[in-house]
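**Student:** Before we start, here is the structure in question, set down as structure tokens.
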Amino acid sequence: MGLFGRRRKLPSAVRPPLAAGERVLAWAATGNGSSNGAPPADRVSAVDEASPAEGTSAGAGAGASVGAGGGVLVATNLGLWLPGRGQRLGWHDILKAVWSGRELTVTPAATVAERDGYLVVADGPAETYLLLDPGDLPHQVRARVTRSVAYTQQHPVPGGSGRIAARRVAGADGLTWTVRYDPGTPVDADEVRAETDQLVAAARAATAPADL
């Protein structure tokens with residue numbers, strides 16, 4: 001393999017506890033500007049538009065090192081390891097991921113309720129990381145999150161609206177179904193739940209395995 005196609009090696013000191021069969025796809029060290037907070041104004045919703053990360057990734061430098069920012073982001077075939085987390089985020093657990101060209105902002109899904117056949121989710125706290133030498137990480141995040149979206153559709157419900165999505169879970173069979181209601185929607189109203197149940201059932205029937 002040529003010099004410019006060589007994948008840089010993740011230092012063993014910062015290697016996360018990978019599961020059997022889990023493979024590192026890309027990684028990047030965080031800079032001093034890494035922070036937690038609101039996502040940038042040009043954010044893109046992975047589930048809403050199946051376009052989870054924007055911008056162009058920089059080339060992977062063979063001399064990349066772990067910076068003083070305190071950790072690394074590691075993309076694997078099963079998900080994304082973030083600094084300070086003891087467990088990876090599955091690709092299906094990421095609602096939004098935005099690459100600005102310098103910062104990667106990740107918004108995980110937070111489970112609000114478990115219903116028969118689907119989960120009600122909302123945006124969890126966004127986490128933003130400055131990546132001075134991003135390598136292939138932004139590309140891998142974009143590709144893997146997008147690939148996890150098997151179905152997504154916005155639907156009106158009584159008093160508001162919500163987005164129904166089906167996500168592929170890396171390393172597992174079947175789909176995970178979720179509903180994310182828009183702000184102001186009466187989530188707990190009986191008529192909203194009944195309508196949502198019907199919409200999810202119809203979507204599941206339309207995306208039966210034989211049709212995928």
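Letters A, B, ... mark the chains of the structure tokens in the order given; residue numbers begin at 1 per chain; ligand numbers begin at 1, in order shown.
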Which residues of stretch 125-200 of chain A have any atom within 12 Å of an atom in stretch 82-90 of chain A when counting only C-alpha atoms, and what is the closest pair of atoms for each, with the distance in Å to one decimal? Order the rows by chain and rising number and write it as CSV.
**Tutor:**
residue,atom,partner,partner_atom,distance
A:Ala126,CA,A:Leu82,CA,11.9
A:Glu127,CA,A:Leu82,CA,9.1
A:Thr128,CA,A:Leu82,CA,10.3
A:Tyr129,CA,A:Leu82,CA,9.3
A:Leu130,CA,A:Pro83,CA,12.0
A:Val141,CA,A:Gly90,CA,11.0
A:Arg144,CA,A:Gly90,CA,9.8
A:Val145,CA,A:Gly90,CA,9.0
A:Ser148,CA,A:Gly90,CA,9.5
A:Arg167,CA,A:Gly90,CA,10.4
A:Arg168,CA,A:Gly90,CA,9.8
A:Val169,CA,A:Gly90,CA,7.3
A:Ala170,CA,A:Gly90,CA,7.3
A:Gly171,CA,A:Gly90,CA,10.0
A:Ala172,CA,A:Gly90,CA,11.2
A:Thr176,CA,A:Gly90,CA,11.7
**Student:** If we count only C-alpha atoms and set the cut-off at 6 Å, which residues sit around stretch 22-28 of chain A, ignoring sequence neighbours fewer than 2 positions away in its own chain? Please answer as a ChimeraX atom specification.
**Tutor:** /A:18-20,72-77,134,136-137
**Student:** State, in Å with one decimal place, the distance from atom CA of A:Val187 to atom CA of A:Leu175.
**Tutor:**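 Going from atom CA of A:Val187 over to atom CA of A:Leu175, I get 22.8 Å.
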**Student:** One decimal, in Å: what's the spacing between atom CA of A:Ala143 and atom CA of A:Ala166?
**Tutor:**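 For atom CA of A:Ala143 relative to atom CA of A:Ala166, the distance reads 16.4 Å.
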